[in-house]
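Asker: I am sharing target-v1.cif, which consists of mmCIF, C-alpha atoms and all ligand atoms:
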```
data_structure
loop_
_atom_site.label_atom_id
_atom_site.label_comp_id
_atom_site.auth_asym_id
_atom_site.auth_seq_id
_atom_site.Cartn_x
_atom_site.Cartn_y
_atom_site.Cartn_z
CA MET A 1038 -13.86 14.31 -3.17
CA ARG A 1039 -17.66 14.43 -3.40
CA PRO A 1040 -19.68 11.34 -4.46
CA LEU A 1041 -20.86 13.31 -7.51
CA THR A 1042 -17.27 13.71 -8.72
CA PHE A 1043 -16.87 9.92 -8.60
CA THR A 1044 -20.15 9.48 -10.47
CA VAL A 1045 -18.95 11.80 -13.24
CA LEU A 1046 -15.55 10.11 -13.31
CA ARG A 1047 -17.23 6.73 -13.78
CA LEU A 1048 -18.86 8.12 -16.93
CA LEU A 1049 -15.47 9.40 -18.11
CA ALA A 1050 -13.56 6.24 -17.19
CA ASP A 1051 -13.36 4.94 -20.77
CA GLY A 1052 -10.90 7.71 -21.66
CA GLU A 1053 -13.14 8.92 -24.54
CA PHE A 1054 -14.59 12.41 -25.03
CA HIS A 1055 -17.94 13.09 -23.36
CA SER A 1056 -19.71 16.39 -23.90
CA GLY A 1057 -20.82 18.38 -20.87
CA GLU A 1058 -24.33 18.27 -22.28
CA ASP A 1059 -24.33 14.48 -22.56
CA LEU A 1060 -22.96 14.05 -19.02
CA ALA A 1061 -25.49 16.54 -17.65
CA HIS A 1062 -28.31 14.74 -19.44
CA LYS A 1063 -27.25 11.29 -18.15
CA LEU A 1064 -27.09 12.50 -14.55
CA ASP A 1065 -30.04 14.86 -14.80
CA ILE A 1066 -28.04 17.83 -13.52
CA SER A 1067 -26.79 21.07 -15.05
CA ARG A 1068 -23.55 21.43 -17.05
CA ALA A 1069 -22.33 23.91 -14.46
CA THR A 1070 -22.76 21.24 -11.76
CA ILE A 1071 -20.73 18.79 -13.85
CA TRP A 1072 -17.96 21.36 -14.20
CA ASN A 1073 -17.99 22.12 -10.47
CA ALA A 1074 -17.77 18.42 -9.65
CA LEU A 1075 -14.82 17.97 -11.99
CA LYS A 1076 -13.00 20.96 -10.49
CA GLU A 1077 -12.69 18.86 -7.32
CA MET A 1078 -10.58 16.32 -9.14
CA ASP A 1079 -7.28 17.92 -8.17
CA GLU A 1080 -6.62 15.69 -5.18
CA ALA A 1081 -7.22 12.60 -7.32
CA GLY A 1082 -4.09 13.33 -9.38
CA LEU A 1083 -5.87 12.76 -12.72
CA ASP A 1084 -5.29 14.73 -15.89
CA LEU A 1085 -8.48 15.96 -17.52
CA TYR A 1086 -8.69 17.54 -20.97
CA LYS A 1087 -11.47 20.01 -21.63
CA ILE A 1088 -11.80 20.85 -25.30
CA ARG A 1089 -14.37 23.32 -26.57
CA GLY A 1090 -16.87 21.60 -28.83
CA ARG A 1091 -15.87 18.07 -27.76
CA GLY A 1092 -16.21 18.05 -23.99
CA TYR A 1093 -14.16 16.28 -21.35
CA ARG A 1094 -11.72 13.42 -21.63
CA LEU A 1095 -9.44 11.75 -19.08
CA ALA A 1096 -5.83 11.50 -20.20
CA GLU A 1097 -6.05 7.76 -19.57
CA PRO A 1098 -8.89 5.29 -19.01
CA LEU A 1099 -9.60 4.44 -15.38
CA GLN A 1100 -9.87 0.93 -13.98
CA TRP A 1101 -12.27 0.65 -11.03
CA LEU A 1102 -12.22 -1.84 -8.21
CA ASP A 1103 -14.71 -4.61 -8.83
CA ARG A 1104 -15.91 -7.08 -6.19
CA THR A 1105 -16.68 -9.87 -8.69
CA LYS A 1106 -13.25 -9.68 -10.30
CA ILE A 1107 -11.49 -9.65 -6.91
CA ALA A 1108 -13.52 -12.66 -5.73
CA SER A 1109 -12.77 -14.53 -8.92
CA ALA A 1110 -9.03 -13.86 -8.47
CA LEU A 1111 -9.33 -15.19 -4.91
CA GLY A 1112 -11.10 -18.37 -6.01
CA ALA A 1113 -11.68 -20.81 -3.14
CA GLN A 1114 -10.22 -18.31 -0.65
CA ALA A 1115 -12.90 -15.67 -1.37
CA ASN A 1116 -15.01 -16.75 1.62
CA ARG A 1117 -12.17 -15.86 4.01
CA PHE A 1118 -12.62 -12.17 3.25
CA ASN A 1119 -15.31 -9.61 3.83
CA LEU A 1120 -14.65 -6.99 1.16
CA GLU A 1121 -15.71 -3.39 1.37
CA LEU A 1122 -14.86 -1.24 -1.63
CA ILE A 1123 -15.19 2.48 -1.10
CA ASP A 1124 -14.59 5.49 -3.27
CA CYS A 1125 -12.76 7.69 -0.83
CA ALA A 1126 -11.20 7.34 2.63
CA ASP A 1127 -8.87 9.52 4.66
CA SER A 1128 -6.99 6.37 5.62
CA THR A 1129 -8.20 2.80 5.16
CA ASN A 1130 -6.27 1.82 8.32
CA THR A 1131 -8.02 4.44 10.43
CA LEU A 1132 -11.40 3.33 9.12
CA LEU A 1133 -10.72 -0.36 9.68
CA MET A 1134 -9.36 0.25 13.20
CA GLN A 1135 -12.66 1.97 13.99
CA LYS A 1136 -14.59 -0.97 12.57
CA ALA A 1137 -12.37 -3.42 14.47
CA ALA A 1138 -13.32 -1.67 17.72
CA LEU A 1139 -16.97 -2.23 16.78
CA GLY A 1140 -16.34 -5.96 16.24
CA ALA A 1141 -15.51 -6.26 12.52
CA VAL A 1142 -14.85 -9.88 11.56
CA PRO A 1143 -11.38 -11.22 10.79
CA GLY A 1144 -10.73 -11.04 7.07
CA SER A 1145 -12.50 -7.67 6.79
CA VAL A 1146 -10.92 -5.65 4.00
CA ILE A 1147 -11.40 -2.01 3.10
CA ALA A 1148 -10.02 -0.97 -0.26
CA ALA A 1149 -10.36 2.65 -1.32
CA GLU A 1150 -10.25 4.04 -4.83
CA LEU A 1151 -8.72 7.18 -3.36
CA GLN A 1152 -6.98 7.59 -0.03
CA THR A 1153 -6.61 11.26 0.80
CA HIS A 1154 -4.60 11.09 4.05
CA GLY A 1155 -2.74 7.79 3.84
CA ARG A 1156 -0.38 7.22 6.75
CA GLY A 1157 3.16 5.85 7.02
CA ARG A 1158 4.99 5.23 10.27
CA ARG A 1159 5.43 7.95 12.89
CA GLY A 1160 3.00 10.43 11.37
CA ARG A 1161 4.50 10.27 7.88
CA SER A 1162 2.23 10.35 4.86
CA TRP A 1163 1.48 7.83 2.13
CA TYR A 1164 0.59 9.43 -1.20
CA SER A 1165 -1.45 7.86 -3.95
CA ASN A 1166 -3.55 8.85 -6.93
CA LEU A 1167 -6.90 7.60 -8.13
CA GLY A 1168 -6.59 4.50 -10.31
CA GLY A 1169 -2.80 4.53 -9.93
CA ALA A 1170 -2.46 2.51 -6.75
CA LEU A 1171 -3.95 -0.12 -4.51
CA THR A 1172 -4.60 1.19 -1.03
CA PHE A 1173 -6.25 -1.28 1.28
CA SER A 1174 -6.33 -2.59 4.83
CA LEU A 1175 -6.97 -6.08 6.15
CA LEU A 1176 -8.10 -7.04 9.63
CA TRP A 1177 -6.71 -10.26 11.12
CA ARG A 1178 -7.18 -11.68 14.59
CA PHE A 1179 -4.58 -13.75 16.46
CA ASN A 1180 -4.56 -15.88 19.59
CA GLN A 1181 -1.07 -14.59 20.33
CA GLY A 1182 -0.49 -11.47 22.42
CA VAL A 1183 0.47 -8.17 20.81
CA GLY A 1184 4.13 -8.67 21.76
CA LEU A 1185 4.33 -11.68 19.45
CA LEU A 1186 3.14 -9.63 16.48
CA SER A 1187 6.40 -7.70 16.22
CA GLY A 1188 7.51 -9.60 13.11
CA LEU A 1189 4.20 -9.09 11.34
CA SER A 1190 5.24 -6.25 9.03
CA LEU A 1191 8.12 -8.40 7.80
CA ALA A 1192 5.79 -11.37 7.25
CA VAL A 1193 3.47 -9.16 5.21
CA GLY A 1194 6.45 -8.16 3.05
CA VAL A 1195 6.96 -11.85 2.23
CA ALA A 1196 3.29 -12.15 1.18
CA LEU A 1197 3.60 -9.11 -1.11
CA LEU A 1198 6.74 -10.46 -2.76
CA ARG A 1199 5.09 -13.84 -3.34
CA ALA A 1200 2.02 -12.14 -4.81
CA LEU A 1201 4.11 -9.91 -7.08
CA LYS A 1202 6.09 -12.91 -8.26
CA SER A 1203 2.92 -14.82 -9.09
CA LEU A 1204 1.76 -11.76 -11.08
CA GLY A 1205 4.99 -12.01 -13.07
CA VAL A 1206 6.78 -9.15 -11.30
CA ASP A 1207 10.28 -10.25 -10.33
CA GLY A 1208 13.32 -8.51 -8.90
CA MET A 1209 11.65 -7.03 -5.81
CA ALA A 1210 13.47 -6.62 -2.51
CA LEU A 1211 12.48 -5.96 1.08
CA LYS A 1212 13.84 -3.29 3.37
CA TRP A 1213 13.61 -3.76 7.09
CA PRO A 1214 11.09 -3.44 8.53
CA ASN A 1215 8.28 -2.51 6.17
CA ASP A 1216 9.16 -1.53 2.60
CA VAL A 1217 9.06 -3.27 -0.76
CA LEU A 1218 11.69 -1.91 -3.13
CA HIS A 1219 12.73 -2.25 -6.73
CA HIS A 1220 16.33 -1.17 -7.39
CA ASN A 1221 16.26 0.84 -4.17
CA CYS A 1222 13.10 2.69 -5.14
CA LYS A 1223 10.06 2.19 -2.96
CA LEU A 1224 7.19 0.38 -4.64
CA ALA A 1225 4.99 -0.45 -1.66
CA GLY A 1226 4.65 0.39 2.01
CA ILE A 1227 3.15 -1.51 4.91
CA LEU A 1228 1.64 -0.02 8.05
CA ILE A 1229 0.60 -2.39 10.83
CA GLU A 1230 -1.49 -1.26 13.78
CA VAL A 1231 -2.20 -3.70 16.58
CA GLN A 1232 -4.59 -3.88 19.50
CA GLY A 1233 -5.10 -6.43 22.23
CA ASP A 1234 -3.72 -8.02 25.37
CA VAL A 1235 -0.14 -8.91 26.15
CA LEU A 1236 -1.13 -12.56 26.50
CA GLY A 1237 -3.66 -12.46 23.65
CA PRO A 1238 -5.94 -12.42 21.88
CA SER A 1239 -4.93 -9.57 19.62
CA LEU A 1240 -5.78 -8.07 16.29
CA ALA A 1241 -3.84 -6.35 13.57
CA VAL A 1242 -4.94 -3.95 10.89
CA ILE A 1243 -2.55 -4.41 8.01
CA GLY A 1244 -2.42 -1.40 5.70
CA ILE A 1245 -0.83 -1.71 2.29
CA GLY A 1246 -0.15 0.91 -0.35
CA ILE A 1247 1.30 -0.23 -3.65
CA ASN A 1248 2.06 2.00 -6.60
CA PHE A 1249 0.67 1.03 -10.00
CA LYS A 1250 1.22 4.33 -11.82
CA LEU A 1251 2.21 7.34 -9.80
CA SER A 1252 0.95 10.74 -10.90
CA GLU A 1253 3.45 13.57 -11.28
CA GLN A 1254 1.75 15.22 -8.32
CA ALA A 1255 2.34 12.15 -6.09
CA LYS A 1256 5.96 11.79 -7.25
CA LYS A 1257 6.68 15.38 -6.19
CA LEU A 1258 5.24 14.82 -2.73
CA ILE A 1259 7.04 11.56 -1.95
CA GLY A 1260 10.50 12.95 -1.26
CA GLN A 1261 12.45 9.69 -1.65
CA PRO A 1262 13.17 7.40 -4.61
CA ALA A 1263 9.91 5.68 -5.52
CA THR A 1264 8.68 3.55 -8.38
CA ASP A 1265 5.50 1.94 -9.66
CA LEU A 1266 4.52 -1.30 -11.37
CA TYR A 1267 4.04 0.47 -14.68
CA SER A 1268 7.67 1.64 -14.67
CA VAL A 1269 8.93 -1.75 -13.54
CA THR A 1270 6.98 -3.94 -15.96
CA GLY A 1271 5.96 -1.61 -18.80
CA ILE A 1272 2.29 -2.53 -18.33
CA LEU A 1273 -0.40 -1.56 -15.90
CA PRO A 1274 -1.43 -4.77 -14.10
CA GLU A 1275 -5.15 -5.30 -13.56
CA ARG A 1276 -5.76 -3.97 -10.06
CA ASN A 1277 -8.57 -6.39 -9.17
CA LEU A 1278 -6.54 -9.41 -10.14
CA ALA A 1279 -3.60 -8.00 -8.18
CA LEU A 1280 -5.72 -7.31 -5.09
CA GLY A 1281 -7.20 -10.83 -5.14
CA CYS A 1282 -3.75 -12.31 -5.55
CA MET A 1283 -2.32 -10.22 -2.70
CA LEU A 1284 -5.14 -11.13 -0.32
CA GLY A 1285 -4.72 -14.82 -1.18
CA HIS A 1286 -1.00 -14.70 -0.41
CA LEU A 1287 -1.62 -12.65 2.72
CA ALA A 1288 -4.02 -15.32 4.05
CA GLN A 1289 -1.44 -18.06 3.47
CA VAL A 1290 1.37 -16.11 5.12
CA LEU A 1291 -0.83 -15.09 8.06
CA ASP A 1292 -1.79 -18.75 8.58
CA THR A 1293 1.91 -19.63 8.80
CA PHE A 1294 2.52 -16.67 11.09
CA ALA A 1295 -0.34 -17.68 13.41
CA VAL A 1296 1.12 -21.17 13.87
CA ARG A 1297 4.90 -20.66 13.63
CA GLY A 1298 5.34 -16.93 14.15
CA PHE A 1299 7.75 -14.95 11.98
CA GLY A 1300 10.30 -17.78 12.43
CA GLY A 1301 8.39 -19.76 9.78
CA LEU A 1302 9.05 -17.02 7.19
CA ARG A 1303 12.39 -15.69 8.35
CA ALA A 1304 14.67 -17.46 5.84
CA GLU A 1305 12.58 -16.25 2.90
CA TRP A 1306 12.57 -12.72 4.26
CA VAL A 1307 16.36 -12.63 4.75
CA GLU A 1308 16.89 -13.95 1.23
CA HIS A 1309 15.22 -10.81 -0.11
CA HIS A 1310 16.61 -8.24 2.30
CA VAL A 1311 18.25 -5.46 0.32
CA TYR A 1312 20.76 -4.78 3.11
CA HIS A 1313 21.66 -8.34 4.04
CA ASN A 1314 25.42 -8.47 4.77
CA LYS A 1315 25.63 -4.74 3.97
CA ASN A 1316 26.69 -1.82 6.08
CA VAL A 1317 23.86 0.34 7.29
CA ARG A 1318 23.14 3.32 9.44
CA ILE A 1319 20.36 3.05 11.99
CA MET A 1320 18.49 6.17 13.04
CA LEU A 1321 17.08 6.00 16.54
CA PRO A 1322 14.16 8.07 17.83
CA ASP A 1323 16.30 10.37 19.99
CA ASN A 1324 18.35 11.38 16.91
CA ALA A 1325 21.10 8.98 17.96
CA ALA A 1326 22.53 6.68 15.31
CA ASP A 1327 24.37 3.40 15.08
CA GLU A 1328 26.31 1.77 12.28
CA GLY A 1329 27.11 -1.80 11.45
CA MET A 1330 26.66 -4.73 9.13
CA VAL A 1331 23.29 -6.45 8.87
CA THR A 1332 23.72 -10.13 9.74
CA GLY A 1333 20.05 -11.09 9.69
CA VAL A 1334 16.80 -10.82 11.61
CA ASP A 1335 15.64 -12.96 14.50
CA ASN A 1336 12.37 -14.84 14.98
CA GLU A 1337 10.70 -11.69 16.37
CA GLY A 1338 11.65 -9.72 13.26
CA ALA A 1339 14.33 -7.71 15.10
CA LEU A 1340 17.30 -6.57 13.02
CA LEU A 1341 20.68 -8.08 13.93
CA LEU A 1342 23.63 -5.79 13.45
CA LYS A 1343 27.34 -6.47 13.84
CA THR A 1344 28.80 -3.21 15.13
CA ARG A 1345 32.19 -2.15 16.42
CA GLY A 1346 30.73 -2.59 19.89
CA GLY A 1347 29.57 -6.17 19.18
CA GLU A 1348 26.34 -7.77 18.01
CA ARG A 1349 23.25 -5.58 18.55
CA ARG A 1350 19.57 -6.25 18.15
CA TYR A 1351 17.09 -3.58 17.06
CA SER A 1352 13.38 -4.22 17.23
CA THR A 1353 10.89 -2.64 14.87
CA GLY A 1354 9.22 0.53 15.98
CA GLU A 1355 10.76 3.92 15.96
CA ILE A 1356 13.86 3.02 13.98
CA SER A 1357 14.83 3.79 10.37
CA LEU A 1358 17.48 2.06 8.31
CA ARG A 1359 19.63 3.61 5.59
CA GLU A 1360 22.57 2.44 3.53
CA GLY A 1361 25.80 3.07 5.41
CA ARG A 1362 29.55 3.33 4.78
CA SER A 1363 32.02 0.54 5.33
CA LEU A 1364 33.20 0.22 8.89
P1 LIG B 1401 11.47 3.86 7.27
O1 LIG B 1401 12.78 3.46 6.65
O2 LIG B 1401 11.57 4.31 8.65
O3 LIG B 1401 10.39 2.87 7.01
P2 LIG B 1401 10.17 5.52 5.35
O4 LIG B 1401 10.56 6.88 4.89
O5 LIG B 1401 10.14 4.43 4.34
O6 LIG B 1401 11.13 5.18 6.52
P3 LIG B 1401 7.40 4.91 6.05
O7 LIG B 1401 6.65 5.41 7.22
O8 LIG B 1401 7.61 3.46 5.89
O9 LIG B 1401 8.77 5.68 6.07
O10 LIG B 1401 6.68 5.45 4.74
C1 LIG B 1401 6.32 6.81 4.60
C2 LIG B 1401 7.27 7.47 3.61
O11 LIG B 1401 7.18 6.81 2.36
C3 LIG B 1401 6.92 8.90 3.31
O12 LIG B 1401 7.55 9.76 4.23
C4 LIG B 1401 7.42 9.12 1.88
O13 LIG B 1401 8.76 9.47 1.86
C5 LIG B 1401 7.31 7.74 1.29
N1 LIG B 1401 6.12 7.59 0.45
C6 LIG B 1401 4.89 8.16 0.60
N2 LIG B 1401 4.06 7.76 -0.37
C7 LIG B 1401 4.76 6.92 -1.16
C8 LIG B 1401 4.47 6.18 -2.32
N3 LIG B 1401 3.28 6.20 -2.89
N4 LIG B 1401 5.46 5.43 -2.85
C9 LIG B 1401 6.68 5.37 -2.31
N5 LIG B 1401 7.03 6.04 -1.20
C10 LIG B 1401 6.09 6.81 -0.64
#
```
Take the structure in the file and write it out as structure tokens.

Answerer:
Amino acid sequence: MRPLTFTVLRLLADGEFHSGEDLAHKLDISRATIWNALKEMDEAGLDLYKIRGRGYRLAEPLQWLDRTKIASALGAQANRFNLELIDCADSTNTLLMQKAALGAVPGSVIAAELQTHGRGRRGRSWYSNLGGALTFSLLWRFNQGVGLLSGLSLAVGVALLRALKSLGVDGMALKWPNDVLHHNCKLAGILIEVQGDVLGPSLAVIGIGINFKLSEQAKKLIGQPATDLYSVTGILPERNLALGCMLGHLAQVLDTFAVRGFGGLRAEWVEHHVYHNKNVRIMLPDNAADEGMVTGVDNEGALLLKTRGGERRYSTGEISLREGRSL
């Protein structure tokens, strides 16, 4: 979406009617240019009313990301982060990986109002709509080698659950290796990309997408049961407060991870695993499958499965987990 579309949307953010003439006057452009800018709103997933004689109105007010509010939610931890708030990114992970290669400092964060080509694992997509999600990436550097970062996506899940709990959102579960669920519907996704040496140091770009209020357009694209904080809690949490809170919990969890590895967070993770002691089906990259009962995860974040053929260990990567039948 063009910068001008964001500028117009900022004027419409209060959810009140604004005439085309008034908008054009404020921005010193023509009414036709306003209309053309607003036509580009489709990918943002926002509903816009255009009523003759009254002008334009967004179906709902929009809440923008705000550096001061995020810093105030972070409190004493604010100086651990270098925040960059942007209107639009293809993928915040892609952008932060590029900045990491150019030497971005640990604690660098990119949060985008709109992510147009968000990524999941293995080329899958992450969908979000403007104002209805948090989509951000965090850069962290580790002394450990990349091999020791295998449990990181699970550790990040623990941070998100802690943050949600402190925001008053209970009843969340984790699904190995990288999803946050509510009643089996996906609320948030985590995408970790790592770079570095086998023996260290290494860095990780931690991408997080969390649904606040999904648009109908996004719901149609998702293709699996999904939910948002609005459906779960009945209110739309303040996104800046939530982002500050998530970053704060991420820093704490990443500190533990840096010293003790995933082992320091394992018990808490297992406690929230939706499939703990349940039968599951594992899909392997070559279309092969395995079935068994989840008995836990190990200190590297690998899934432990009791199968007919004995205990098996599956590490994160190219594997997907689904509910299975009893053996
Ligand atoms: P796995 O079990 O292997 O993690 P997954 O389907 O959860 O499988 P991910 O790569 O973690 O895969 O996430 C991408 C998938 O998440 C997409 O294919 C889509 O089905 C779903 N998805 C995309 N956007 C959203 C969203 N905003 N909310 C919930 N789910 C989404």

Asker: So that I can check the surroundings of segment 1231-1247 of chain A, please list as an mmCIF file with C-alpha atoms, in the frame of the given file every protein, DNA and RNA residue that reaches within 7 Å of it, counting only C-alpha atoms and ignoring chain neighbours fewer than 3 positions away.

Answerer:
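Ended up saving to part26.cif:
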```cif
data_model
loop_
_atom_site.group_PDB
_atom_site.id
_atom_site.type_symbol
_atom_site.label_atom_id
_atom_site.label_comp_id
_atom_site.auth_asym_id
_atom_site.auth_seq_id
_atom_site.Cartn_x
_atom_site.Cartn_y
_atom_site.Cartn_z
ATOM 1 C CA ASN A 1130 -6.270 1.820 8.320
ATOM 2 C CA LEU A 1133 -10.720 -0.360 9.680
ATOM 3 C CA MET A 1134 -9.360 0.250 13.200
ATOM 4 C CA ALA A 1170 -2.460 2.510 -6.750
ATOM 5 C CA LEU A 1171 -3.950 -0.120 -4.510
ATOM 6 C CA THR A 1172 -4.600 1.190 -1.030
ATOM 7 C CA PHE A 1173 -6.250 -1.280 1.280
ATOM 8 C CA SER A 1174 -6.330 -2.590 4.830
ATOM 9 C CA LEU A 1175 -6.970 -6.080 6.150
ATOM 10 C CA LEU A 1176 -8.100 -7.040 9.630
ATOM 11 C CA TRP A 1177 -6.710 -10.260 11.120
ATOM 12 C CA ARG A 1178 -7.180 -11.680 14.590
ATOM 13 C CA PHE A 1179 -4.580 -13.750 16.460
ATOM 14 C CA ASN A 1180 -4.560 -15.880 19.590
ATOM 15 C CA GLN A 1181 -1.070 -14.590 20.330
ATOM 16 C CA GLY A 1182 -0.490 -11.470 22.420
ATOM 17 C CA VAL A 1183 0.470 -8.170 20.810
ATOM 18 C CA GLY A 1184 4.130 -8.670 21.760
ATOM 19 C CA LEU A 1224 7.190 0.380 -4.640
ATOM 20 C CA ALA A 1225 4.990 -0.450 -1.660
ATOM 21 C CA GLY A 1226 4.650 0.390 2.010
ATOM 22 C CA ILE A 1227 3.150 -1.510 4.910
ATOM 23 C CA LEU A 1228 1.640 -0.020 8.050
#
```

Asker: With all atoms listed in the file as the basis for distance, which of A:Arg1039, A:Lys1315, A:Arg1349, A:His1055 is at the shortest distance from Lys1212 of chain A?

Answerer: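 Looking only at the distances to Lys1212 of chain A, the closest residue turns out to be A:Lys1315.
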
Asker: Can you work out which residues are within 9 Å of ligand LIG 1401 (chain B), considering all atoms listed in the file, and then hand them over as number ranges by chain?

Answerer: A: 1155-1166, 1170, 1212-1216, 1218, 1222-1228, 1246-1248, 1251, 1255-1256, 1258-1265, 1320, 1354-1359

Asker: Identify, on the basis of all atoms listed in the file, every residue whose closest approach to segment 1287-1296 of chain A does not exceed 9 Å; exclude the query and any residue fewer than 3 positions from it along the same chain; express the result as a PyMOL selection string.

Answerer: chain A and resi 1114+1117+1144+1177+1179-1181+1186+1188-1189+1192-1193+1195-1197+1200+1282-1284+1299-1302

Asker: Show me, as a Markdown table, the residues of segment 1258-1352 of chain A having an atom within 8 Å of segment 1203-1211 of chain A, each with the closest atom pair and its distance in Å, using only C-alpha atoms.

Answerer:
```
| residue | atom | partner | partner_atom | distance |
| --- | --- | --- | --- | --- |
| A:Thr1270 | CA | A:Val1206 | CA | 7.0 |
| A:Ala1279 | CA | A:Leu1204 | CA | 7.2 |
| A:Cys1282 | CA | A:Leu1204 | CA | 7.8 |
| A:Trp1306 | CA | A:Leu1211 | CA | 7.5 |
| A:His1309 | CA | A:Ala1210 | CA | 5.1 |
| A:His1310 | CA | A:Leu1211 | CA | 4.9 |
| A:Val1311 | CA | A:Ala1210 | CA | 5.7 |
```

Asker: Between atom CA of Leu1095 of chain A and atom CA of Leu1049 of chain A, what is the distance in Å, rounded to a tenth?

Answerer: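 We find that atom CA of Leu1095 of chain A and atom CA of Leu1049 of chain A lie 6.5 Å from each other.
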
Asker: At a cut-off of 10 Å, using all atoms listed in the file, what residues contact Leu1102 of chain A? Leave out same-chain residues fewer than 6 positions from it and give the result as a list in words.

Answerer: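 Selected residues are Leu1122, Ile1123, Asp1124, Ala1148, Ala1149, Glu1150, Gly1168, Leu1171, Glu1275, Arg1276, Asn1277, Leu1278 and Leu1280 of chain A.
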
Asker: What's the separation between atom CA of Ala1110 of chain A and atom CA of Leu1266 of chain A, in Å to one decimal place?

Answerer: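 Rounded to one decimal, the two atoms are 18.7 Å apart.
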
Asker: Looking at A:Trp1101, A:Gly1057, A:Ser1268, A:Asp1051, which one is nearest to Lys1087 of chain A, with distances taken over all atoms listed in the file?

Answerer: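 The shortest atom-to-atom distance to Lys1087 of chain A comes from A:Gly1057.
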
Asker: I need the residue nearest Ser1128 of chain A from this list: A:Val1142, A:Ile1147, A:Leu1048, A:Val1269. Use all atoms listed in the file for the distance.

Answerer: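 Ranking A:Val1142, A:Ile1147, A:Leu1048, A:Val1269 by distance to Ser1128 of chain A, first place goes to A:Ile1147.
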
Asker: What's the separation between atom CA of Met1038 of chain A and atom CA of Val1146 of chain A, in Å to one decimal place?

Answerer: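 Separating atom CA of Met1038 of chain A from atom CA of Val1146 of chain A is a distance of 21.4 Å.
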
Asker: Given the choices A:Gly1112, A:Gly1329, A:Gly1281, A:Pro1098, which gets closest to Arg1047 of chain A if the distance is worked out from all atoms listed in the file?

Answerer: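 Among the listed residues, A:Pro1098 lies closest to Arg1047 of chain A.
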
Asker: For the point (-16.5, 13.0, -17.9) in the file's frame, write as an NGL selection string all residues with an atom no more than 10 Å away, counting all atoms listed in the file.

Answerer: :A and (1042-1057 or 1059-1061 or 1071-1072 or 1074-1075 or 1085-1087 or 1092-1095)

Asker: With C-alpha atoms kept, could you save the residues just selected as a PDB file, in the frame of the given file?

Answerer:
```
ATOM      1  CA  THR A1042     -17.270  13.710  -8.720  1.00  0.00           C
ATOM      2  CA  PHE A1043     -16.870   9.920  -8.600  1.00  0.00           C
ATOM      3  CA  THR A1044     -20.150   9.480 -10.470  1.00  0.00           C
ATOM      4  CA  VAL A1045     -18.950  11.800 -13.240  1.00  0.00           C
ATOM      5  CA  LEU A1046     -15.550  10.110 -13.310  1.00  0.00           C
ATOM      6  CA  ARG A1047     -17.230   6.730 -13.780  1.00  0.00           C
ATOM      7  CA  LEU A1048     -18.860   8.120 -16.930  1.00  0.00           C
ATOM      8  CA  LEU A1049     -15.470   9.400 -18.110  1.00  0.00           C
ATOM      9  CA  ALA A1050     -13.560   6.240 -17.190  1.00  0.00           C
ATOM     10  CA  ASP A1051     -13.360   4.940 -20.770  1.00  0.00           C
ATOM     11  CA  GLY A1052     -10.900   7.710 -21.660  1.00  0.00           C
ATOM     12  CA  GLU A1053     -13.140   8.920 -24.540  1.00  0.00           C
ATOM     13  CA  PHE A1054     -14.590  12.410 -25.030  1.00  0.00           C
ATOM     14  CA  HIS A1055     -17.940  13.090 -23.360  1.00  0.00           C
ATOM     15  CA  SER A1056     -19.710  16.390 -23.900  1.00  0.00           C
ATOM     16  CA  GLY A1057     -20.820  18.380 -20.870  1.00  0.00           C
ATOM     17  CA  ASP A1059     -24.330  14.480 -22.560  1.00  0.00           C
ATOM     18  CA  LEU A1060     -22.960  14.050 -19.020  1.00  0.00           C
ATOM     19  CA  ALA A1061     -25.490  16.540 -17.650  1.00  0.00           C
ATOM     20  CA  ILE A1071     -20.730  18.790 -13.850  1.00  0.00           C
ATOM     21  CA  TRP A1072     -17.960  21.360 -14.200  1.00  0.00           C
ATOM     22  CA  ALA A1074     -17.770  18.420  -9.650  1.00  0.00           C
ATOM     23  CA  LEU A1075     -14.820  17.970 -11.990  1.00  0.00           C
ATOM     24  CA  LEU A1085      -8.480  15.960 -17.520  1.00  0.00           C
ATOM     25  CA  TYR A1086      -8.690  17.540 -20.970  1.00  0.00           C
ATOM     26  CA  LYS A1087     -11.470  20.010 -21.630  1.00  0.00           C
ATOM     27  CA  GLY A1092     -16.210  18.050 -23.990  1.00  0.00           C
ATOM     28  CA  TYR A1093     -14.160  16.280 -21.350  1.00  0.00           C
ATOM     29  CA  ARG A1094     -11.720  13.420 -21.630  1.00  0.00           C
ATOM     30  CA  LEU A1095      -9.440  11.750 -19.080  1.00  0.00           C
TER      31      LEU A1095
END
```

Asker: Using all atoms listed in the file, list the residues that have an atom at most 8 Å from (-17.3, -8.6, 4.0), coordinates as in the file, as JSON, numbers by chain.

Answerer: {"A": [1118, 1119, 1120, 1121, 1144, 1145, 1146]}

Asker: Here is a test: counting only C-alpha atoms, which residue of A:Glu1058, A:Thr1129, A:Gly1361, A:Gly1271 is nearest to Gly1090 of chain A?

Answerer: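 Residue with the minimum atom-to-atom distance to Gly1090 of chain A: A:Glu1058.
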
Asker: For the contact check between segment 1124-1213 of chain A and segment 1079-1084 of chain A, emit one row per residue of segment 1124-1213 of chain A within 8 Å, containing the shortest atom pair and the distance in Å rounded to one decimal, counting only C-alpha atoms, chain then rising number order, as CSV.

Answerer:
```
residue,atom,partner,partner_atom,distance
A:Leu1151,CA,A:Ala1081,CA,6.9
A:Thr1153,CA,A:Glu1080,CA,7.4
A:Asn1166,CA,A:Gly1082,CA,5.1
A:Leu1167,CA,A:Ala1081,CA,5.1
```
